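**Q** Got a file for you: run_1.cif, mmCIF, C-alpha atoms.
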data_entry
#
loop_
_atom_site.label_atom_id
_atom_site.label_comp_id
_atom_site.auth_asym_id
_atom_site.auth_seq_id
_atom_site.Cartn_x
_atom_site.Cartn_y
_atom_site.Cartn_z
CA MET A 28 46.03 -125.72 110.26
CA ASP A 29 45.70 -122.67 112.46
CA LEU A 30 44.73 -122.60 116.07
CA THR A 31 41.35 -121.05 115.40
CA SER A 32 40.14 -123.87 113.22
CA PHE A 33 41.63 -126.33 115.68
CA ALA A 34 39.65 -124.76 118.51
CA ASP A 35 36.52 -124.56 116.40
CA ARG A 36 36.77 -128.14 115.38
CA HIS A 37 37.48 -129.19 118.95
CA SER A 38 34.50 -127.33 120.40
CA PHE A 39 32.44 -128.75 117.57
CA THR A 40 33.45 -132.18 118.72
CA VAL A 41 32.65 -131.48 122.33
CA GLN A 42 29.33 -129.95 121.37
CA CYS A 43 28.94 -133.21 119.51
CA CYS A 44 26.77 -132.23 116.64
CA ARG A 45 26.75 -131.06 113.09
CA TRP A 46 23.15 -130.30 113.84
CA GLY A 47 23.70 -128.54 117.14
CA VAL A 48 21.14 -130.71 118.87
CA GLN A 49 21.31 -131.32 122.59
CA VAL A 50 19.56 -134.67 122.75
CA ILE A 51 19.38 -137.68 120.47
CA LEU A 52 16.48 -140.03 121.10
CA THR A 53 16.99 -143.55 119.86
CA ASP A 54 15.57 -147.01 120.27
CA THR A 55 18.99 -148.52 119.69
CA THR A 56 20.92 -147.05 122.57
CA GLN A 57 23.84 -149.47 122.48
CA VAL A 58 24.36 -148.90 118.76
CA TRP A 59 24.51 -145.18 119.41
CA LEU A 60 26.85 -145.49 122.40
CA ASP A 61 29.24 -147.72 120.47
CA LEU A 62 29.15 -145.43 117.48
CA ARG A 63 29.69 -142.35 119.62
CA LYS A 64 32.70 -143.95 121.22
CA GLU A 65 34.09 -144.71 117.79
CA LEU A 66 33.40 -141.20 116.60
CA GLN A 67 35.07 -139.67 119.62
CA GLY A 68 38.11 -141.76 118.84
CA MET A 69 37.89 -140.66 115.22
CA HIS A 70 37.90 -137.02 116.17
CA ALA A 71 40.86 -137.52 118.46
CA LEU A 72 42.58 -139.25 115.56
CA TRP A 73 41.58 -136.42 113.28
CA LEU A 74 43.18 -133.91 115.62
CA VAL A 75 46.35 -135.99 115.82
CA THR A 76 46.29 -136.27 112.07
CA CYS A 77 46.10 -132.51 111.70
CA VAL A 78 48.97 -131.94 114.09
CA CYS A 79 51.19 -134.77 112.89
CA SER A 80 50.18 -134.79 109.22
CA LEU A 81 49.26 -138.44 109.35
CA SER A 82 46.63 -140.07 107.23
CA PRO A 83 45.14 -142.88 109.25
CA GLU A 84 43.53 -145.61 107.30
CA ASP A 85 40.71 -146.09 109.74
CA TYR A 86 39.50 -142.51 109.58
CA ASN A 87 36.71 -143.55 107.30
CA LYS A 88 33.52 -143.69 109.34
CA GLU A 89 32.14 -140.55 107.82
CA THR A 90 32.60 -141.87 104.33
CA GLU A 91 31.30 -145.29 105.31
CA PHE A 92 28.04 -143.67 106.26
CA GLY A 93 27.84 -140.83 103.79
CA ARG A 94 25.16 -138.18 103.49
CA LEU A 95 23.79 -139.55 100.26
CA PHE A 96 20.79 -141.10 101.99
CA LEU A 97 19.45 -137.60 102.56
CA PHE A 98 19.10 -137.14 98.81
CA LEU A 99 17.99 -140.61 97.79
CA SER A 100 14.79 -140.81 99.79
CA PRO A 101 11.74 -138.58 99.31
CA VAL A 102 11.30 -138.69 103.07
CA TYR A 103 13.94 -136.02 103.48
CA TYR A 104 12.46 -133.56 101.00
CA SER A 105 10.44 -130.57 102.12
CA PRO A 106 7.17 -131.13 100.19
CA LEU A 107 6.64 -134.57 101.73
CA GLN A 108 7.53 -133.34 105.20
CA MET A 109 5.21 -130.36 104.82
CA GLY A 110 2.42 -132.75 103.85
CA ILE A 111 3.14 -134.93 106.89
CA GLY A 112 3.12 -131.81 109.04
CA ILE A 113 -0.29 -130.77 107.72
CA LEU A 114 -1.71 -134.24 108.36
CA GLN A 115 -0.29 -134.26 111.88
CA LYS A 116 -1.81 -130.85 112.60
CA ARG A 117 -5.21 -131.97 111.32
CA PHE A 118 -5.01 -135.10 113.42
CA LEU A 119 -4.24 -133.12 116.57
CA GLU A 120 -6.96 -130.58 115.79
CA ARG A 121 -9.51 -133.34 115.50
CA ILE A 122 -8.59 -134.45 119.03
CA ALA A 123 -8.02 -131.21 120.89
CA GLY A 124 -9.49 -128.43 118.78
CA PRO A 125 -7.99 -125.85 116.43
CA PHE A 126 -4.47 -124.55 116.85
CA GLU A 127 -4.40 -121.01 118.21
CA LYS A 128 -1.33 -118.86 118.56
CA VAL A 129 -0.20 -118.09 122.08
CA SER A 130 2.00 -115.06 122.44
CA MET A 131 4.91 -114.98 124.82
CA ASP A 132 3.35 -111.98 126.57
CA GLN A 133 0.21 -113.98 127.13
CA ALA A 134 2.19 -116.85 128.59
CA THR A 135 4.46 -114.75 130.78
CA ALA A 136 1.72 -112.40 131.95
CA ILE A 137 -0.02 -115.24 133.68
CA VAL A 138 0.40 -115.15 137.43
CA PRO A 139 1.00 -118.69 138.56
CA THR A 140 -1.93 -119.82 140.60
CA PRO A 141 -2.22 -122.64 143.05
CA PRO A 142 -3.70 -125.50 141.15
CA ASN A 143 -7.27 -126.32 141.76
CA VAL A 144 -7.09 -130.05 141.59
CA VAL A 145 -10.29 -131.57 140.43
CA PRO A 146 -11.13 -134.33 142.88
CA PRO A 147 -11.18 -137.77 141.37
CA PRO A 148 -14.53 -139.45 141.06
CA PRO A 149 -15.60 -141.13 144.28
CA ALA A 150 -14.60 -144.71 144.58
CA LEU A 151 -17.34 -147.12 143.80
CA THR A 152 -18.61 -148.77 146.89
CA ALA A 153 -20.77 -151.78 147.09
CA THR A 154 -24.22 -150.88 148.19
CA ALA A 155 -26.63 -153.21 149.72
CA ALA A 156 -29.61 -153.84 147.56
CA MET B 22 1.23 -134.59 127.13
CA LYS B 23 -1.28 -136.49 125.08
CA PRO B 24 -3.73 -134.11 123.43
CA HIS B 25 -6.65 -136.18 124.67
CA ASN B 26 -6.18 -134.85 128.20
CA ASP B 27 -7.79 -131.85 129.85
CA PRO B 28 -4.80 -129.50 130.32
CA GLU B 29 -5.99 -127.83 133.54
CA ARG B 30 -6.68 -131.09 135.28
CA LEU B 31 -3.55 -132.77 133.94
CA PHE B 32 -1.14 -130.06 135.07
CA ALA B 33 -2.89 -129.69 138.41
CA LEU B 34 -2.43 -133.37 139.09
CA LEU B 35 1.14 -133.16 137.88
CA HIS B 36 1.83 -130.27 140.24
CA GLN B 37 0.26 -132.18 143.09
CA ILE B 38 2.53 -135.16 142.51
CA ILE B 39 5.70 -133.14 141.98
CA SER B 40 5.20 -130.78 144.89
CA ALA B 41 4.61 -133.68 147.26
CA GLN B 42 8.25 -134.74 146.90
CA GLU B 43 10.95 -133.52 149.21
CA ASP B 44 13.05 -130.63 147.85
CA TRP B 45 11.11 -130.84 144.62
CA GLN B 46 11.98 -127.31 143.54
CA THR B 47 15.68 -128.06 143.45
CA THR B 48 15.96 -131.79 142.88
CA LEU B 49 12.98 -132.87 140.81
CA ALA B 50 11.49 -129.95 138.89
CA PRO B 51 14.70 -128.98 137.05
CA ARG B 52 14.90 -132.51 135.65
CA ILE B 53 11.44 -132.52 134.10
CA ILE B 54 10.57 -131.19 130.69
CA LEU B 55 7.01 -131.06 129.44
CA GLY B 56 6.39 -132.29 125.93
CA LEU B 57 3.53 -130.45 124.28
CA TRP B 58 1.92 -131.54 121.03
CA HIS B 59 -0.95 -129.07 121.00
CA PRO B 60 -0.79 -125.31 121.71
CA ARG B 61 -3.89 -125.61 123.90
CA PHE B 62 -1.57 -126.90 126.62
CA ILE B 63 0.82 -123.94 126.66
CA LEU B 64 -1.13 -121.53 128.84
CA ALA B 65 -2.18 -124.19 131.33
CA ALA B 66 1.44 -125.31 131.62
CA ALA B 67 2.62 -121.73 132.13
CA LYS B 68 -0.08 -121.09 134.71
CA ILE B 69 0.05 -124.25 136.81
CA THR B 70 3.57 -125.57 136.38
CA PRO B 71 5.63 -122.48 135.48
CA TYR B 72 8.69 -124.06 137.06
CA LEU B 73 8.85 -126.79 134.41
CA ARG B 74 10.57 -126.29 131.08
CA ARG B 75 8.34 -126.63 128.06
CA SER B 76 9.18 -128.48 124.88
CA HIS B 77 7.18 -128.87 121.70
CA ILE B 78 7.03 -132.37 120.28
CA GLY B 79 6.20 -132.55 116.63
CA ALA B 80 7.02 -133.39 113.05
CA SER B 81 6.30 -130.01 111.48
CA ILE B 82 8.78 -127.16 111.37
CA SER B 83 6.07 -124.65 110.52
CA VAL B 84 3.90 -125.70 113.47
CA ALA B 85 6.90 -125.45 115.81
CA ARG B 86 7.76 -122.03 114.42
CA ASP B 87 4.27 -120.58 114.30
CA TYR B 88 2.68 -121.90 117.46
CA PHE B 89 5.40 -122.88 119.93
CA TRP B 90 8.49 -120.79 119.24
CA ASP B 91 7.91 -118.07 121.83
CA SER B 92 6.57 -120.22 124.62
CA CYS B 93 8.81 -123.28 124.52
CA GLN B 94 12.44 -123.53 125.51
CA ALA B 95 13.04 -126.77 123.63
CA PHE B 96 11.86 -128.56 120.51
CA SER B 97 11.67 -132.31 120.18
CA MET B 98 11.45 -132.84 116.46
CA LYS B 99 11.31 -135.72 114.04
CA PHE B 100 14.63 -136.43 112.33
CA ALA B 101 13.19 -136.25 108.82
CA ALA B 102 11.67 -132.83 109.48
CA LEU B 103 14.97 -131.47 110.77
CA ALA B 104 16.79 -132.97 107.78
CA THR B 105 14.95 -130.80 105.24
CA ALA B 106 16.11 -127.37 104.14
CA GLU B 107 13.54 -125.78 106.49
CA GLY B 108 14.78 -128.02 109.26
CA ALA B 109 18.35 -126.92 108.69
CA ARG B 110 17.31 -123.26 108.91
CA PHE B 111 15.28 -124.01 112.01
CA ARG B 112 18.24 -125.69 113.66
CA TRP B 113 20.53 -122.84 112.81
CA VAL B 114 18.22 -120.17 114.11
CA ALA B 115 17.25 -122.18 117.18
CA ALA B 116 20.87 -122.34 118.17
CA ARG B 117 21.90 -118.86 117.14
CA GLY B 118 19.15 -116.58 115.93
CA SER B 119 15.74 -115.27 116.78
CA ASN B 120 12.36 -116.33 115.44
CA PRO B 121 13.00 -118.33 112.27
CA GLY B 122 9.95 -116.82 110.68
CA LEU B 123 11.26 -113.30 111.04
CA VAL B 124 14.96 -113.37 110.32
CA SER B 125 16.92 -113.86 107.21
CA TYR B 126 18.84 -117.08 107.22
CA THR B 127 22.26 -115.76 106.36
CA PRO B 128 24.68 -117.98 108.21
CA ASP B 129 27.18 -115.20 108.74
CA ARG B 130 24.60 -113.02 110.40
CA LYS B 131 26.42 -111.25 113.22
CA ASP B 132 23.66 -109.41 115.01
CA ALA B 133 21.43 -112.33 115.78
CA GLN B 134 20.89 -112.90 119.45
CA ALA B 135 21.24 -116.49 120.44
CA ALA B 136 17.78 -117.91 120.66
CA GLY B 137 19.03 -120.45 123.13
CA LYS B 138 16.48 -123.03 122.13
CA ASP B 139 17.40 -126.64 122.75
CA ILE B 140 16.70 -129.24 120.11
CA LEU B 141 15.96 -132.90 120.66
CA VAL B 142 15.80 -135.16 117.65
CA TRP B 143 13.91 -138.44 117.30
CA THR B 144 14.02 -141.27 116.48
CA VAL B 145 17.60 -141.73 115.37
CA ASN B 146 18.01 -145.45 114.89
CA LYS B 147 20.13 -145.82 111.77
CA PRO B 148 23.91 -145.38 111.93
CA GLU B 149 23.90 -143.00 108.96
CA GLN B 150 21.38 -140.80 110.77
CA MET B 151 23.51 -140.87 113.91
CA ILE B 152 26.56 -139.86 111.92
CA GLU B 153 24.60 -137.09 110.23
CA VAL B 154 23.59 -135.63 113.56
CA TRP B 155 26.94 -136.11 115.19
CA ILE B 156 29.64 -135.24 112.68
#
Take the structure in this file and express it as structure tokens.
**A**
Amino acid sequence: MDLTSFADRHSFTVQCCRWGVQVILTDTTQVWLDLRKELQGMHALWLVTCVCSLSPEDYNKETEFGRLFLFLSPVYYSPLQMGIGILQKRFLERIAGPFEKVSMDQATAIVPTPPNVVPPPPALTATAA
Amino acid sequence: MKPHNDPERLFALLHQIISAQEDWQTTLAPRIILGLWHPRFILAAAKITPYLRRSHIGASISVARDYFWDSCQAFSMKFAALATAEGARFRWVAARGSNPGLVSYTPDRKDAQAAGKDILVWTVNKPEQMIEVWI
């Protein structure tokens, strides 16, 4: 193993993603934190393995949770996701009007203006009959 | 930002609340990211709260690419959408390339400027999904 691949793999680990994402949103935070801890240990073990030519028995998390699920469910195939995307767009358009493209020039050309806060409706007060 | 809201009024109120805090430019504003579902909110966000980062929230790669790419710094996308072939290209270009609709997707492309777009992925609840994102 050369130093380049070592460095690449290491930065990959620090960057923490095959996907290159910056944030993972989950409802099961503790599951994720525990798993991440395990994975960090795995990567450390992987690096040690590369340097020392060991083959640890517990370096198996990746195979325990393989990538097969991506191919076994229609959810992860483009046609279905495109359909979901179209439905989502229609749903949003029904609420807030048609989607229109906004160019970056249009967005950056805007001079920020002090907001004109619309006053809230006056509080209801009891009136004498 | 729920699409039911009036963007001008919503961002004006948001600005009012944020700017009322002490040292809001340095301590609060950099920690806030707007999540936009509908492109109608982009210009109002840029006009009234230009100091806040903008993110598109959605489940469609094509919508993210066609309507939000230029005006948002981050994309909060559904896991399943990012897991498709289009999602993989989107992730690659978001991290390294320019507009995914305009470039070829050759991974060894050397001249691509880093797009510098951040990606958030939701909702990753299953261990196999977590591993997929992480490894």
**Q** Compile a residue-level contact table for chain B against chain A at a cut-off of 7 Å, reporting for every qualifying residue the shortest atom pair and its distance in Å to one decimal, with only C-alpha atoms counted, rows ordered by chain and ascending number, as JSON lines.
**A**
{"residue": "B:Pro24", "atom": "CA", "partner": "A:Ala123", "partner_atom": "CA", "distance": 5.8}
{"residue": "B:His25", "atom": "CA", "partner": "A:Ile122", "partner_atom": "CA", "distance": 6.2}
{"residue": "B:Arg30", "atom": "CA", "partner": "A:Val145", "partner_atom": "CA", "distance": 6.3}
{"residue": "B:Ala33", "atom": "CA", "partner": "A:Pro142", "partner_atom": "CA", "distance": 5.1}
{"residue": "B:Leu34", "atom": "CA", "partner": "A:Val144", "partner_atom": "CA", "distance": 6.2}
{"residue": "B:His59", "atom": "CA", "partner": "A:Leu119", "partner_atom": "CA", "distance": 6.8}
{"residue": "B:Pro60", "atom": "CA", "partner": "A:Phe126", "partner_atom": "CA", "distance": 6.1}
{"residue": "B:Leu64", "atom": "CA", "partner": "A:Ala134", "partner_atom": "CA", "distance": 5.7}
{"residue": "B:Ala67", "atom": "CA", "partner": "A:Ala134", "partner_atom": "CA", "distance": 6.0}
{"residue": "B:Lys68", "atom": "CA", "partner": "A:Pro139", "partner_atom": "CA", "distance": 4.7}
{"residue": "B:Ile69", "atom": "CA", "partner": "A:Pro142", "partner_atom": "CA", "distance": 5.9}
{"residue": "B:Pro71", "atom": "CA", "partner": "A:Pro139", "partner_atom": "CA", "distance": 6.7}
{"residue": "B:Ala80", "atom": "CA", "partner": "A:Gly112", "partner_atom": "CA", "distance": 5.8}
{"residue": "B:Ser81", "atom": "CA", "partner": "A:Gly112", "partner_atom": "CA", "distance": 4.4}
{"residue": "B:Tyr88", "atom": "CA", "partner": "A:Lys128", "partner_atom": "CA", "distance": 5.2}
{"residue": "B:Asp91", "atom": "CA", "partner": "A:Met131", "partner_atom": "CA", "distance": 5.2}
{"residue": "B:Ser92", "atom": "CA", "partner": "A:Met131", "partner_atom": "CA", "distance": 5.5}
{"residue": "B:Ala101", "atom": "CA", "partner": "A:Tyr103", "partner_atom": "CA", "distance": 5.4}
{"residue": "B:Ala102", "atom": "CA", "partner": "A:Gln108", "partner_atom": "CA", "distance": 6.0}
{"residue": "B:Ala104", "atom": "CA", "partner": "A:Tyr103", "partner_atom": "CA", "distance": 6.0}
{"residue": "B:Thr105", "atom": "CA", "partner": "A:Ser105", "partner_atom": "CA", "distance": 5.5}
{"residue": "B:Ala106", "atom": "CA", "partner": "A:Ser105", "partner_atom": "CA", "distance": 6.8}
{"residue": "B:Arg112", "atom": "CA", "partner": "A:Trp46", "partner_atom": "CA", "distance": 6.7}
{"residue": "B:Ala116", "atom": "CA", "partner": "A:Gly47", "partner_atom": "CA", "distance": 6.9}
{"residue": "B:Asp139", "atom": "CA", "partner": "A:Gln49", "partner_atom": "CA", "distance": 6.1}
{"residue": "B:Ile140", "atom": "CA", "partner": "A:Val48", "partner_atom": "CA", "distance": 4.8}
{"residue": "B:Leu141", "atom": "CA", "partner": "A:Val50", "partner_atom": "CA", "distance": 4.5}
{"residue": "B:Val142", "atom": "CA", "partner": "A:Ile51", "partner_atom": "CA", "distance": 5.2}
{"residue": "B:Trp143", "atom": "CA", "partner": "A:Leu52", "partner_atom": "CA", "distance": 4.9}
{"residue": "B:Thr144", "atom": "CA", "partner": "A:Thr53", "partner_atom": "CA", "distance": 5.0}
{"residue": "B:Val145", "atom": "CA", "partner": "A:Thr53", "partner_atom": "CA", "distance": 4.9}
{"residue": "B:Asn146", "atom": "CA", "partner": "A:Thr53", "partner_atom": "CA", "distance": 5.4}
{"residue": "B:Glu149", "atom": "CA", "partner": "A:Phe92", "partner_atom": "CA", "distance": 5.0}
{"residue": "B:Ile152", "atom": "CA", "partner": "A:Glu89", "partner_atom": "CA", "distance": 7.0}
{"residue": "B:Glu153", "atom": "CA", "partner": "A:Arg94", "partner_atom": "CA", "distance": 6.9}
{"residue": "B:Val154", "atom": "CA", "partner": "A:Trp46", "partner_atom": "CA", "distance": 5.4}
{"residue": "B:Trp155", "atom": "CA", "partner": "A:Cys44", "partner_atom": "CA", "distance": 4.1}
{"residue": "B:Ile156", "atom": "CA", "partner": "A:Arg45", "partner_atom": "CA", "distance": 5.1}
**Q** Of the candidates B:Lys23, B:His77, B:Lys138, B:Arg52, which one gets nearest to B:Ser97 if we count all atoms listed in the file?
**A**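 With all atoms listed in the file as the atom set, the closest residue is B:His77.
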**Q** With all atoms listed in the file as the basis for distance, which of B:Ile39, B:Leu55, B:Ala115, B:Ala65 is at the shortest distance from B:Leu103?
**A**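 Smallest distance to B:Leu103 is found for B:Ala115.
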**Q** Which distance in Å separates atom CA of B:Tyr72 and atom CA of B:Pro51, to one decimal?
**A**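 One can read the atom CA of B:Tyr72 to atom CA of B:Pro51 distance as 7.8 Å.
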**Q** Taking into account only C-alpha atoms, which residue in the set B:Gly108, B:Gly79, B:Gly137, B:Gly56 is nearest to B:Gln94?
**A**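 For B:Gln94, the nearest of the candidates is B:Gly137.
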